[in-house]
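One file, final.tsv, is given below (TSV, C-alpha atoms and all ligand atoms).
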chain	number	residue	atom	x	y	z
A	279	MET	CA	-22.34	131.61	-0.66
A	280	ASN	CA	-20.70	128.20	-0.50
A	281	ASP	CA	-22.35	126.49	2.42
A	282	LEU	CA	-23.92	123.25	1.15
A	283	SER	CA	-27.06	123.34	3.24
A	284	ALA	CA	-27.70	127.00	2.39
A	285	LEU	CA	-27.23	126.26	-1.31
A	286	ASN	CA	-29.51	123.24	-1.12
A	287	SER	CA	-32.24	125.07	0.73
A	288	ARG	CA	-32.19	127.92	-1.77
A	289	PHE	CA	-31.63	126.19	-5.09
A	290	SER	CA	-32.14	122.40	-4.93
A	291	LEU	CA	-34.81	120.82	-7.14
A	292	PRO	CA	-35.99	117.66	-5.34
A	293	GLY	CA	-35.17	114.50	-7.28
A	294	LEU	CA	-33.43	116.55	-9.99
A	295	LEU	CA	-30.68	118.78	-8.65
A	296	LYS	CA	-28.68	119.02	-5.44
A	297	PHE	CA	-25.42	120.44	-4.17
A	298	GLU	CA	-22.85	118.01	-2.83
A	299	THR	CA	-19.21	117.76	-1.87
A	300	GLY	CA	-17.23	116.67	-4.91
A	301	GLU	CA	-13.60	115.76	-5.51
A	302	GLY	CA	-11.07	117.60	-3.36
A	303	GLY	CA	-13.86	118.78	-1.05
A	304	LEU	CA	-15.07	121.28	-3.68
A	305	THR	CA	-18.79	122.01	-4.00
A	306	ARG	CA	-20.56	120.75	-7.09
A	307	VAL	CA	-24.05	120.70	-8.52
A	308	ALA	CA	-25.29	117.18	-9.32
A	309	VAL	CA	-28.13	116.86	-11.84
A	310	THR	CA	-29.90	113.54	-12.33
A	311	SER	CA	-32.89	113.64	-14.64
A	312	GLY	CA	-34.64	111.02	-16.75
A	313	ILE	CA	-32.76	112.42	-19.74
A	314	ALA	CA	-29.21	113.17	-18.60
A	315	ASP	CA	-26.82	113.44	-15.65
A	316	ALA	CA	-24.23	116.16	-15.02
A	317	HIS	CA	-21.80	117.60	-12.50
A	318	ILE	CA	-20.83	121.27	-12.37
A	319	TYR	CA	-18.28	122.62	-9.89
A	320	LEU	CA	-18.64	126.16	-8.56
A	321	HIS	CA	-14.83	126.21	-8.84
A	322	GLY	CA	-14.32	127.62	-12.34
A	323	ALA	CA	-18.01	126.98	-13.23
A	324	HIS	CA	-16.51	123.75	-14.47
A	325	VAL	CA	-18.72	121.08	-16.05
A	326	THR	CA	-16.88	117.82	-15.34
A	327	HIS	CA	-19.56	115.34	-16.38
A	328	TYR	CA	-22.46	115.13	-18.82
A	329	GLN	CA	-24.09	111.90	-19.86
A	330	ARG	CA	-27.21	111.57	-21.94
A	331	LYS	CA	-29.17	108.49	-20.85
A	332	GLY	CA	-28.29	105.47	-23.03
A	333	TYR	CA	-24.98	106.98	-24.20
A	334	GLU	CA	-21.45	107.09	-22.83
A	335	PRO	CA	-20.23	110.16	-20.95
A	336	LEU	CA	-19.62	112.92	-23.50
A	337	LEU	CA	-16.76	114.49	-21.55
A	338	PHE	CA	-13.29	113.12	-20.81
A	339	MET	CA	-11.89	113.66	-17.31
A	340	SER	CA	-8.28	112.91	-16.44
A	341	GLY	CA	-7.76	110.48	-13.56
A	342	LYS	CA	-4.85	112.72	-12.53
A	343	SER	CA	-6.79	115.98	-12.40
A	344	LEU	CA	-6.25	118.30	-9.47
A	345	PHE	CA	-9.33	119.50	-7.60
A	346	ALA	CA	-8.03	122.38	-5.54
A	347	GLU	CA	-8.64	126.08	-5.04
A	348	GLY	CA	-6.58	128.14	-7.46
A	349	LYS	CA	-5.80	125.15	-9.72
A	350	ALA	CA	-7.34	124.21	-13.06
A	351	ILE	CA	-9.34	121.00	-13.42
A	352	ARG	CA	-8.01	118.74	-16.23
A	353	GLY	CA	-10.88	117.54	-18.42
A	354	GLY	CA	-14.57	118.39	-18.69
A	355	ILE	CA	-15.11	121.99	-19.82
A	356	PRO	CA	-12.64	124.57	-18.51
A	357	LEU	CA	-14.06	128.06	-19.03
A	358	ILE	CA	-11.39	130.35	-20.47
A	359	PHE	CA	-11.51	134.15	-19.96
A	360	PRO	CA	-10.16	136.84	-20.54
A	361	TRP	CA	-7.15	135.56	-22.49
A	362	PHE	CA	-6.53	132.35	-24.35
A	363	GLY	CA	-3.27	130.43	-23.76
A	364	ALA	CA	-0.33	132.50	-22.57
A	365	ARG	CA	-1.06	136.19	-22.04
A	366	ALA	CA	0.84	138.29	-24.56
A	367	GLY	CA	3.71	140.16	-22.90
A	368	ASP	CA	3.02	138.86	-19.39
A	369	ALA	CA	4.92	135.71	-18.46
A	370	ALA	CA	3.56	135.78	-14.87
A	371	ALA	CA	-0.08	135.59	-15.98
A	372	PRO	CA	-1.82	132.22	-15.56
A	373	ALA	CA	-2.42	130.26	-18.78
A	374	HIS	CA	-5.96	130.64	-20.15
A	375	GLY	CA	-6.94	133.47	-17.78
A	376	PHE	CA	-8.42	133.44	-14.30
A	377	ALA	CA	-12.05	132.36	-14.75
A	378	ARG	CA	-11.31	128.62	-14.57
A	379	THR	CA	-9.54	128.82	-11.21
A	380	LEU	CA	-11.87	131.08	-9.22
A	381	PRO	CA	-15.05	130.26	-7.30
A	382	TRP	CA	-18.26	131.30	-9.10
A	383	ASP	CA	-21.60	132.24	-7.54
A	384	LEU	CA	-24.75	130.28	-8.17
A	385	ARG	CA	-27.47	132.62	-9.45
A	386	ALA	CA	-30.31	130.26	-10.42
A	387	ALA	CA	-31.33	126.65	-10.94
A	388	LYS	CA	-34.55	125.93	-12.84
A	389	GLN	CA	-36.37	123.17	-14.57
A	390	ILE	CA	-37.36	124.32	-18.05
A	391	GLY	CA	-39.36	121.65	-19.88
A	392	ASP	CA	-37.14	118.55	-20.11
A	393	SER	CA	-33.98	120.47	-19.19
A	394	VAL	CA	-32.38	121.76	-16.03
A	395	ALA	CA	-30.72	125.17	-16.37
A	396	ILE	CA	-28.05	126.34	-13.93
A	397	THR	CA	-26.80	129.92	-14.01
A	398	LEU	CA	-23.46	130.92	-12.48
A	399	ALA	CA	-21.77	134.29	-12.32
A	400	LEU	CA	-18.30	135.75	-11.84
A	401	GLU	CA	-17.74	139.39	-10.91
A	402	PRO	CA	-14.51	141.34	-10.33
A	403	SER	CA	-12.53	140.71	-7.15
A	404	ASP	CA	-8.99	141.49	-6.04
A	405	ALA	CA	-7.96	138.25	-7.77
A	406	THR	CA	-9.28	139.48	-11.14
A	407	ARG	CA	-8.36	143.19	-10.82
A	408	ARG	CA	-4.73	142.22	-10.55
A	409	TRP	CA	-4.95	141.06	-14.17
A	410	PHE	CA	-7.92	142.91	-15.63
A	411	ALA	CA	-8.74	146.40	-14.46
A	412	GLN	CA	-12.18	146.95	-15.96
A	413	ASP	CA	-15.46	145.93	-14.41
A	414	PHE	CA	-17.09	142.96	-16.05
A	415	GLU	CA	-19.73	140.39	-15.26
A	416	LEU	CA	-19.71	136.85	-16.62
A	417	ILE	CA	-22.97	134.94	-16.65
A	418	TYR	CA	-22.82	131.29	-17.62
A	419	THR	CA	-25.91	129.19	-18.13
A	420	VAL	CA	-25.55	125.43	-18.45
A	421	SER	CA	-28.67	123.58	-19.65
A	422	ILE	CA	-28.76	119.84	-19.18
A	423	GLY	CA	-31.16	117.95	-21.38
A	424	ALA	CA	-30.95	115.71	-24.46
A	425	SER	CA	-28.05	117.98	-25.40
A	426	LEU	CA	-25.74	120.10	-23.26
A	427	GLN	CA	-26.11	123.79	-23.95
A	428	LEU	CA	-23.60	126.34	-22.64
A	429	VAL	CA	-24.16	130.09	-22.89
A	430	LEU	CA	-21.38	132.42	-21.75
A	431	GLU	CA	-22.36	136.09	-21.54
A	432	VAL	CA	-19.70	138.75	-21.03
A	433	HIS	CA	-20.98	142.13	-19.86
A	434	ASN	CA	-18.83	145.24	-19.92
A	435	ARG	CA	-19.86	147.03	-16.70
A	436	SER	CA	-17.11	149.65	-16.96
A	437	SER	CA	-17.08	153.05	-18.64
A	438	THR	CA	-14.38	152.16	-21.17
A	439	PRO	CA	-14.18	149.53	-23.93
A	440	PHE	CA	-12.26	146.31	-23.33
A	441	SER	CA	-11.25	143.35	-25.44
A	442	PHE	CA	-11.12	139.73	-24.37
A	443	GLU	CA	-10.63	136.16	-25.54
A	444	GLU	CA	-12.78	133.26	-24.34
A	445	ALA	CA	-13.21	129.52	-24.83
A	446	LEU	CA	-15.34	126.61	-23.71
A	447	HIS	CA	-12.41	124.20	-23.70
A	448	THR	CA	-14.40	121.00	-24.14
A	449	TYR	CA	-12.57	117.70	-23.61
A	450	CYS	CA	-14.53	115.14	-25.66
A	451	ASN	CA	-14.41	111.52	-24.60
A	452	VAL	CA	-13.38	109.45	-27.67
A	453	GLY	CA	-12.59	105.75	-28.24
A	454	ASP	CA	-9.19	106.37	-29.86
A	455	VAL	CA	-8.23	109.81	-31.12
A	456	ARG	CA	-6.17	108.21	-33.92
A	457	GLN	CA	-9.37	106.81	-35.42
A	458	VAL	CA	-11.71	109.78	-35.25
A	459	SER	CA	-12.52	112.13	-38.11
A	460	ILE	CA	-13.37	115.77	-37.47
A	461	GLU	CA	-15.62	117.44	-40.02
A	462	GLY	CA	-16.69	121.03	-40.53
A	463	LEU	CA	-13.39	122.92	-40.88
A	464	SER	CA	-12.22	122.05	-44.40
A	465	GLY	CA	-10.85	125.02	-46.33
A	466	ARG	CA	-10.34	127.09	-43.18
A	467	THR	CA	-7.19	128.90	-42.08
A	468	TYR	CA	-5.62	127.82	-38.82
A	469	ILE	CA	-2.72	128.91	-36.64
A	470	ASP	CA	-0.56	125.86	-36.00
A	471	LYS	CA	0.78	126.17	-32.44
A	472	THR	CA	3.01	123.14	-33.03
A	473	ALA	CA	4.72	124.88	-35.99
A	474	ALA	CA	5.78	128.30	-34.64
A	475	LEU	CA	2.28	129.74	-35.25
A	476	ALA	CA	2.46	129.14	-39.02
A	477	ARG	CA	-0.83	129.84	-40.81
A	478	LYS	CA	-2.07	126.87	-42.80
A	479	THR	CA	-5.19	125.81	-44.67
A	480	GLN	CA	-7.20	122.75	-43.69
A	481	ALA	CA	-7.78	120.29	-46.52
A	482	GLY	CA	-10.63	117.84	-45.86
A	483	PRO	CA	-11.56	116.31	-42.50
A	484	ILE	CA	-9.02	116.52	-39.67
A	485	ARG	CA	-7.27	113.29	-38.64
A	486	ILE	CA	-5.04	113.23	-35.55
A	487	SER	CA	-1.66	111.55	-36.03
A	488	SER	CA	0.70	113.70	-33.94
A	489	GLU	CA	0.54	116.52	-31.38
A	490	THR	CA	-2.26	118.80	-32.61
A	491	ASP	CA	-2.80	122.35	-31.37
A	492	ARG	CA	-4.67	124.47	-33.91
A	493	VAL	CA	-6.63	127.69	-33.73
A	494	TYR	CA	-9.11	127.75	-36.65
A	495	LEU	CA	-10.02	131.37	-37.40
A	496	ASP	CA	-13.30	132.77	-38.70
A	497	THR	CA	-15.12	129.48	-38.15
A	498	THR	CA	-18.77	129.56	-37.16
A	499	GLU	CA	-19.76	126.14	-38.50
A	500	THR	CA	-20.90	123.09	-36.58
A	501	VAL	CA	-18.09	120.59	-36.00
A	502	ALA	CA	-18.77	116.85	-35.81
A	503	VAL	CA	-16.45	114.16	-34.45
A	504	SER	CA	-17.08	110.74	-35.93
A	505	ASP	CA	-15.92	108.02	-33.54
A	506	PRO	CA	-15.93	104.53	-35.10
A	507	MET	CA	-14.87	102.80	-31.86
A	508	LYS	CA	-17.75	104.23	-29.86
A	509	ARG	CA	-20.03	104.18	-32.93
A	510	GLN	CA	-21.20	107.66	-32.21
A	511	ARG	CA	-20.77	111.26	-33.30
A	512	ILE	CA	-20.26	114.23	-31.03
A	513	VAL	CA	-21.73	117.33	-32.62
A	514	VAL	CA	-20.70	120.82	-31.49
A	515	ALA	CA	-22.95	123.62	-32.78
A	516	LYS	CA	-22.35	127.23	-31.84
A	517	ARG	CA	-23.37	130.88	-32.02
A	518	GLY	CA	-21.37	134.01	-31.20
A	519	SER	CA	-18.10	132.13	-31.68
A	520	SER	CA	-15.68	132.70	-34.58
A	521	THR	CA	-12.81	130.46	-33.46
A	522	THR	CA	-12.56	126.69	-33.10
A	523	VAL	CA	-9.56	125.16	-31.34
A	524	ILE	CA	-8.57	121.53	-31.83
A	525	TRP	CA	-6.12	120.09	-29.31
A	526	ASN	CA	-4.58	116.74	-28.47
A	527	PRO	CA	-1.26	116.68	-26.59
A	528	TRP	CA	-0.08	113.31	-28.00
A	529	ILE	CA	2.72	111.34	-26.31
A	530	ASP	CA	5.49	113.71	-25.23
A	531	LYS	CA	3.34	116.61	-24.11
A	532	ALA	CA	1.13	114.21	-22.13
A	533	LYS	CA	4.22	112.98	-20.28
A	534	GLY	CA	5.12	116.57	-19.43
A	535	MET	CA	1.78	117.36	-17.77
A	536	ALA	CA	1.70	116.49	-14.07
A	537	ASP	CA	-2.11	116.52	-13.94
A	538	PHE	CA	-2.65	114.22	-16.93
A	539	GLY	CA	-1.88	110.49	-17.22
A	540	ASP	CA	0.87	109.48	-19.65
A	541	ASP	CA	-1.48	107.08	-21.42
A	542	GLU	CA	-4.67	109.18	-21.41
A	543	TRP	CA	-4.10	111.15	-24.63
A	544	PRO	CA	-5.76	108.62	-27.01
A	545	ARG	CA	-9.07	108.95	-25.14
A	546	MET	CA	-9.56	112.70	-25.43
A	547	LEU	CA	-9.95	115.38	-28.05
A	548	CYS	CA	-10.58	119.04	-27.31
A	549	ILE	CA	-13.04	120.84	-29.57
A	550	GLU	CA	-13.10	124.37	-28.21
A	551	THR	CA	-15.80	126.90	-28.98
A	552	ALA	CA	-13.90	130.17	-28.74
A	553	ASN	CA	-13.16	133.73	-29.72
A	554	ALA	CA	-9.38	134.02	-29.74
A	555	ALA	CA	-6.40	135.51	-31.59
A	556	ASP	CA	-7.69	137.51	-34.63
A	557	ASN	CA	-11.22	136.89	-33.34
A	558	ALA	CA	-10.79	138.48	-29.89
A	559	VAL	CA	-13.94	140.41	-28.98
A	560	GLN	CA	-14.01	144.20	-28.56
A	561	LEU	CA	-16.76	145.21	-26.18
A	562	GLN	CA	-17.91	148.81	-25.77
A	563	ALA	CA	-18.82	150.24	-22.36
A	564	GLY	CA	-22.20	148.91	-21.28
A	565	GLN	CA	-22.34	146.30	-24.07
A	566	SER	CA	-22.67	142.51	-23.80
A	567	HIS	CA	-21.59	139.53	-25.86
A	568	ALA	CA	-22.95	135.97	-25.78
A	569	MET	CA	-21.29	132.78	-26.99
A	570	THR	CA	-23.28	129.54	-27.13
A	571	ALA	CA	-22.11	125.96	-27.63
A	572	THR	CA	-24.53	123.07	-27.94
A	573	LEU	CA	-22.99	119.62	-27.54
A	574	GLY	CA	-24.90	116.59	-28.69
A	575	VAL	CA	-24.20	112.92	-29.11
A	576	GLU	CA	-25.74	110.74	-31.84
A	577	ARG	CA	-25.49	107.07	-32.82
A	578	GLU	CA	-23.52	106.27	-35.95
B	601	LIG	C1	-5.26	124.43	-25.61
B	601	LIG	C2	-4.09	125.22	-26.11
B	601	LIG	O1	-6.43	125.16	-25.80
B	601	LIG	O2	-5.10	124.16	-24.23
B	601	LIG	C3	-2.82	124.43	-25.87
B	601	LIG	O3	-4.24	125.53	-27.49
B	601	LIG	C4	-2.69	124.08	-24.39
B	601	LIG	O4	-1.70	125.17	-26.31
B	601	LIG	C5	-3.97	123.38	-23.95
B	601	LIG	O5	-1.58	123.24	-24.20
B	601	LIG	C6	-3.99	123.02	-22.45
B	601	LIG	O6	-3.74	124.15	-21.69
B	601	LIG	P1	-3.60	124.04	-20.12
B	601	LIG	O7	-3.23	125.42	-19.64
B	601	LIG	O8	-4.94	123.60	-19.60
B	601	LIG	O9	-2.54	123.01	-19.85
Take the structure in this file and express it as structure tokens.
Ligand code: BG6
Amino acid sequence: MNDLSALNSRFSLPGLLKFETGEGGLTRVAVTSGIADAHIYLHGAHVTHYQRKGYEPLLFMSGKSLFAEGKAIRGGIPLIFPWFGARAGDAAAPAHGFARTLPWDLRAAKQIGDSVAITLALEPSDATRRWFAQDFELIYTVSIGASLQLVLEVHNRSSTPFSFEEALHTYCNVGDVRQVSIEGLSGRTYIDKTAALARKTQAGPIRISSETDRVYLDTTETVAVSDPMKRQRIVVAKRGSSTTVIWNPWIDKAKGMADFGDDEWPRMLCIETANAADNAVQLQAGQSHAMTATLGVERE
């Protein structure tokens, strides 16, 4: 159901939540509360904006992003499922799976205390069966309050086990990526995608001084990004996630991306709450898995 007036008559919360036409003519949910504002597109269940009152927007959005059916949005929080990055052994498969480029259904919109919770769902279609034969159901609940909470549930609705990778590919808005310090991953093993997948060990906080594309394995800790220019910290806490991905394209890769400005790389840093590579999830028939990320912003 995509018709704006039908969506509004069924789900809108007067003064708090409405459906509107967003960029590229795509439908989005707009939340405006006394505590925070947010935009969520039905396309990809993509959160493109979250701003706690009194703070700067937490999410980076590229000025060059596409907003079109079948295309990924650049910035915000792409939702990655059922594979992360390139699909092993299948060059024709879209990068990062199909969930971020398909339309999702709106299941519920509720006010819960100070927060507004929006639940979206994705079920199998011809577009997914082409890549993933088993029946699944994704349920994604985005709660907008003093923090931004994201819960992605994967349900195995088929009669056989399946495995999957997933990520909440959060683009954080930072003052200058060269000045931030990322804490919470010291001592951890990571796969360095800029060094032929070499496995390395993190020593101390992460500083960004070149292209950075790292998959930190077996990491369940909270990660904090200290941003001296913005005088704030972005804190990413999580449950049900064993992988943390840190990504910044730096100069050359930025130039190679058509949907990303050449000079935008200093203002973003991806901190991805994930289950990928060694941490892919095996799900038995009839079982479910939930991954939660809670994003907060604090003064420093
Ligand atoms: C990161 C990957 O998660 O996403 C990178 O680790 C990739 O390798 C980046 O370049 C962006 O991917 P995409 O498909 O959105 O351009």
9 Å shell around ligand LIG 601 (chain B) using all atoms listed in the file, listed as a count of residues only: 31
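We find CA of Pro544 in chain A and CA of Ala476 in chain A to be spaced 25.2 Å apart.
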Nearest candidate to Asp368 in chain A (options A:Leu547, A:Ala323, A:Trp409, A:Ser421; using all atoms listed in the file):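 Closest residue, counting all atoms listed in the file: A:Trp409.
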Å distance separating CA of Ser311 in chain A from CA of Asn286 in chain A, one decimal place: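 Going from CA of Ser311 in chain A over to CA of Asn286 in chain A covers 16.9 Å.
When all atoms listed in the file are used to measure the gap to Tyr449 in chain A, the shortest distance among A:Arg435, A:Arg306, A:Arg545, A:Arg511 belongs to A:Arg545.
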Nearest to Leu416 in chain A by atom-to-atom distance, counting all atoms listed in the file, from A:Arg477, A:Val394, A:Arg385, A:Gly465: A:Arg385
Residue neighbourhood Thr522 in chain A, 8 Å, all atoms listed in the file, exclusion window fewer than 5 positions, as an MDAnalysis selection string: chainID A and resid 493:495 497:498 549:553
With the cut-off set at 12 Å and counting all atoms listed in the file, tabulate each residue of range 496-539 of chain A with an atom at most that distance from an atom of range 339-343 of chain A, showing the nearest atom pair and its distance in Å to one decimal, ordered by chain and increasing number, as a Markdown table.
| residue | atom | partner | partner_atom | distance |
| --- | --- | --- | --- | --- |
| A:Ala532 | CA | A:Ser340 | CA | 11.1 |
| A:Lys533 | CA | A:Lys342 | CA | 11.9 |
| A:Met535 | CA | A:Lys342 | CA | 9.6 |
| A:Ala536 | CA | A:Lys342 | CA | 7.7 |
| A:Asp537 | CA | A:Lys342 | CA | 4.9 |
| A:Phe538 | CA | A:Lys342 | CA | 5.1 |
| A:Gly539 | CA | A:Lys342 | CA | 6.0 |
Selection to disk with C-alpha atoms, as an mmCIF file, keeping the file's coordinate frame:
data_model
loop_
_atom_site.group_PDB
_atom_site.id
_atom_site.type_symbol
_atom_site.label_atom_id
_atom_site.label_comp_id
_atom_site.auth_asym_id
_atom_site.auth_seq_id
_atom_site.Cartn_x
_atom_site.Cartn_y
_atom_site.Cartn_z
ATOM 1 C CA ALA A 532 1.130 114.210 -22.130
ATOM 2 C CA LYS A 533 4.220 112.980 -20.280
ATOM 3 C CA MET A 535 1.780 117.360 -17.770
ATOM 4 C CA ALA A 536 1.700 116.490 -14.070
ATOM 5 C CA ASP A 537 -2.110 116.520 -13.940
ATOM 6 C CA PHE A 538 -2.650 114.220 -16.930
ATOM 7 C CA GLY A 539 -1.880 110.490 -17.220
#
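Between Ala571 in chain A and the residues A:Ser464, A:Asn451, A:Ser459, A:Thr419, the shortest atom-to-atom distance, using all atoms listed in the file, involves A:Thr419.
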N, CA, C and O atoms restored at range 454-477 of chain A, emitted as a PDB file, in the coordinates of the input:
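Contents of out00.pdb, freshly written:
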ATOM      1  N   ASP A 454     -10.621 106.272 -29.564  1.00  0.00           N
ATOM      2  CA  ASP A 454      -9.190 106.370 -29.860  1.00  0.00           C
ATOM      3  C   ASP A 454      -9.018 107.542 -30.812  1.00  0.00           C
ATOM      4  O   ASP A 454      -9.521 107.497 -31.944  1.00  0.00           O
ATOM      5  N   VAL A 455      -8.333 108.562 -30.350  1.00  0.00           N
ATOM      6  CA  VAL A 455      -8.230 109.810 -31.120  1.00  0.00           C
ATOM      7  C   VAL A 455      -7.612 109.573 -32.498  1.00  0.00           C
ATOM      8  O   VAL A 455      -7.863 110.325 -33.442  1.00  0.00           O
ATOM      9  N   ARG A 456      -6.816 108.496 -32.636  1.00  0.00           N
ATOM     10  CA  ARG A 456      -6.170 108.210 -33.920  1.00  0.00           C
ATOM     11  C   ARG A 456      -7.170 107.719 -34.965  1.00  0.00           C
ATOM     12  O   ARG A 456      -6.863 107.655 -36.144  1.00  0.00           O
ATOM     13  N   GLN A 457      -8.372 107.353 -34.483  1.00  0.00           N
ATOM     14  CA  GLN A 457      -9.370 106.810 -35.420  1.00  0.00           C
ATOM     15  C   GLN A 457     -10.508 107.781 -35.723  1.00  0.00           C
ATOM     16  O   GLN A 457     -11.357 107.482 -36.558  1.00  0.00           O
ATOM     17  N   VAL A 458     -10.568 108.888 -35.030  1.00  0.00           N
ATOM     18  CA  VAL A 458     -11.710 109.780 -35.250  1.00  0.00           C
ATOM     19  C   VAL A 458     -11.474 110.668 -36.478  1.00  0.00           C
ATOM     20  O   VAL A 458     -10.345 110.853 -36.931  1.00  0.00           O
ATOM     21  N   SER A 459     -12.579 111.200 -36.978  1.00  0.00           N
ATOM     22  CA  SER A 459     -12.520 112.130 -38.110  1.00  0.00           C
ATOM     23  C   SER A 459     -13.320 113.361 -37.703  1.00  0.00           C
ATOM     24  O   SER A 459     -14.435 113.244 -37.184  1.00  0.00           O
ATOM     25  N   ILE A 460     -12.727 114.530 -37.918  1.00  0.00           N
ATOM     26  CA  ILE A 460     -13.370 115.770 -37.470  1.00  0.00           C
ATOM     27  C   ILE A 460     -13.796 116.563 -38.702  1.00  0.00           C
ATOM     28  O   ILE A 460     -12.954 116.937 -39.526  1.00  0.00           O
ATOM     29  N   GLU A 461     -15.081 116.773 -38.825  1.00  0.00           N
ATOM     30  CA  GLU A 461     -15.620 117.440 -40.020  1.00  0.00           C
ATOM     31  C   GLU A 461     -16.128 118.832 -39.683  1.00  0.00           C
ATOM     32  O   GLU A 461     -16.566 119.069 -38.562  1.00  0.00           O
ATOM     33  N   GLY A 462     -16.097 119.703 -40.695  1.00  0.00           N
ATOM     34  CA  GLY A 462     -16.690 121.030 -40.530  1.00  0.00           C
ATOM     35  C   GLY A 462     -15.692 122.169 -40.689  1.00  0.00           C
ATOM     36  O   GLY A 462     -16.075 123.335 -40.662  1.00  0.00           O
ATOM     37  N   LEU A 463     -14.395 121.842 -40.845  1.00  0.00           N
ATOM     38  CA  LEU A 463     -13.390 122.920 -40.880  1.00  0.00           C
ATOM     39  C   LEU A 463     -12.568 122.918 -42.168  1.00  0.00           C
ATOM     40  O   LEU A 463     -11.575 123.645 -42.273  1.00  0.00           O
ATOM     41  N   SER A 464     -12.982 122.112 -43.146  1.00  0.00           N
ATOM     42  CA  SER A 464     -12.220 122.050 -44.400  1.00  0.00           C
ATOM     43  C   SER A 464     -12.180 123.415 -45.090  1.00  0.00           C
ATOM     44  O   SER A 464     -13.174 124.140 -45.112  1.00  0.00           O
ATOM     45  N   GLY A 465     -11.022 123.754 -45.604  1.00  0.00           N
ATOM     46  CA  GLY A 465     -10.850 125.020 -46.330  1.00  0.00           C
ATOM     47  C   GLY A 465     -10.544 126.200 -45.416  1.00  0.00           C
ATOM     48  O   GLY A 465     -10.297 127.306 -45.902  1.00  0.00           O
ATOM     49  N   ARG A 466     -10.530 125.982 -44.132  1.00  0.00           N
ATOM     50  CA  ARG A 466     -10.340 127.090 -43.180  1.00  0.00           C
ATOM     51  C   ARG A 466      -8.874 127.307 -42.833  1.00  0.00           C
ATOM     52  O   ARG A 466      -8.076 126.360 -42.807  1.00  0.00           O
ATOM     53  N   THR A 467      -8.558 128.540 -42.488  1.00  0.00           N
ATOM     54  CA  THR A 467      -7.190 128.900 -42.080  1.00  0.00           C
ATOM     55  C   THR A 467      -7.022 128.620 -40.592  1.00  0.00           C
ATOM     56  O   THR A 467      -7.913 128.954 -39.808  1.00  0.00           O
ATOM     57  N   TYR A 468      -5.894 128.012 -40.249  1.00  0.00           N
ATOM     58  CA  TYR A 468      -5.620 127.820 -38.820  1.00  0.00           C
ATOM     59  C   TYR A 468      -4.197 128.247 -38.476  1.00  0.00           C
ATOM     60  O   TYR A 468      -3.302 128.238 -39.312  1.00  0.00           O
ATOM     61  N   ILE A 469      -4.045 128.614 -37.193  1.00  0.00           N
ATOM     62  CA  ILE A 469      -2.720 128.910 -36.640  1.00  0.00           C
ATOM     63  C   ILE A 469      -2.236 127.599 -36.031  1.00  0.00           C
ATOM     64  O   ILE A 469      -2.914 127.025 -35.166  1.00  0.00           O
ATOM     65  N   ASP A 470      -1.086 127.124 -36.502  1.00  0.00           N
ATOM     66  CA  ASP A 470      -0.560 125.860 -36.000  1.00  0.00           C
ATOM     67  C   ASP A 470       0.410 126.140 -34.850  1.00  0.00           C
ATOM     68  O   ASP A 470       1.544 126.580 -35.068  1.00  0.00           O
ATOM     69  N   LYS A 471      -0.052 125.875 -33.613  1.00  0.00           N
ATOM     70  CA  LYS A 471       0.780 126.170 -32.440  1.00  0.00           C
ATOM     71  C   LYS A 471       1.915 125.164 -32.273  1.00  0.00           C
ATOM     72  O   LYS A 471       2.792 125.353 -31.439  1.00  0.00           O
ATOM     73  N   THR A 472       1.885 124.090 -33.078  1.00  0.00           N
ATOM     74  CA  THR A 472       3.010 123.140 -33.030  1.00  0.00           C
ATOM     75  C   THR A 472       4.053 123.475 -34.103  1.00  0.00           C
ATOM     76  O   THR A 472       5.042 122.771 -34.243  1.00  0.00           O
ATOM     77  N   ALA A 473       3.799 124.522 -34.903  1.00  0.00           N
ATOM     78  CA  ALA A 473       4.720 124.880 -35.990  1.00  0.00           C
ATOM     79  C   ALA A 473       4.976 126.387 -35.971  1.00  0.00           C
ATOM     80  O   ALA A 473       4.762 127.081 -36.969  1.00  0.00           O
ATOM     81  N   ALA A 474       5.392 126.885 -34.796  1.00  0.00           N
ATOM     82  CA  ALA A 474       5.780 128.300 -34.640  1.00  0.00           C
ATOM     83  C   ALA A 474       4.693 129.255 -35.151  1.00  0.00           C
ATOM     84  O   ALA A 474       4.993 130.283 -35.767  1.00  0.00           O
ATOM     85  N   LEU A 475       3.434 128.894 -34.908  1.00  0.00           N
ATOM     86  CA  LEU A 475       2.280 129.740 -35.250  1.00  0.00           C
ATOM     87  C   LEU A 475       2.127 129.966 -36.766  1.00  0.00           C
ATOM     88  O   LEU A 475       1.523 130.952 -37.192  1.00  0.00           O
ATOM     89  N   ALA A 476       2.634 129.036 -37.559  1.00  0.00           N
ATOM     90  CA  ALA A 476       2.460 129.140 -39.020  1.00  0.00           C
ATOM     91  C   ALA A 476       0.966 129.096 -39.344  1.00  0.00           C
ATOM     92  O   ALA A 476       0.196 128.402 -38.683  1.00  0.00           O
ATOM     93  N   ARG A 477       0.574 129.858 -40.369  1.00  0.00           N
ATOM     94  CA  ARG A 477      -0.830 129.840 -40.810  1.00  0.00           C
ATOM     95  C   ARG A 477      -0.957 128.859 -41.964  1.00  0.00           C
ATOM     96  O   ARG A 477      -0.227 128.939 -42.944  1.00  0.00           O
TER      97      ARG A 477
END
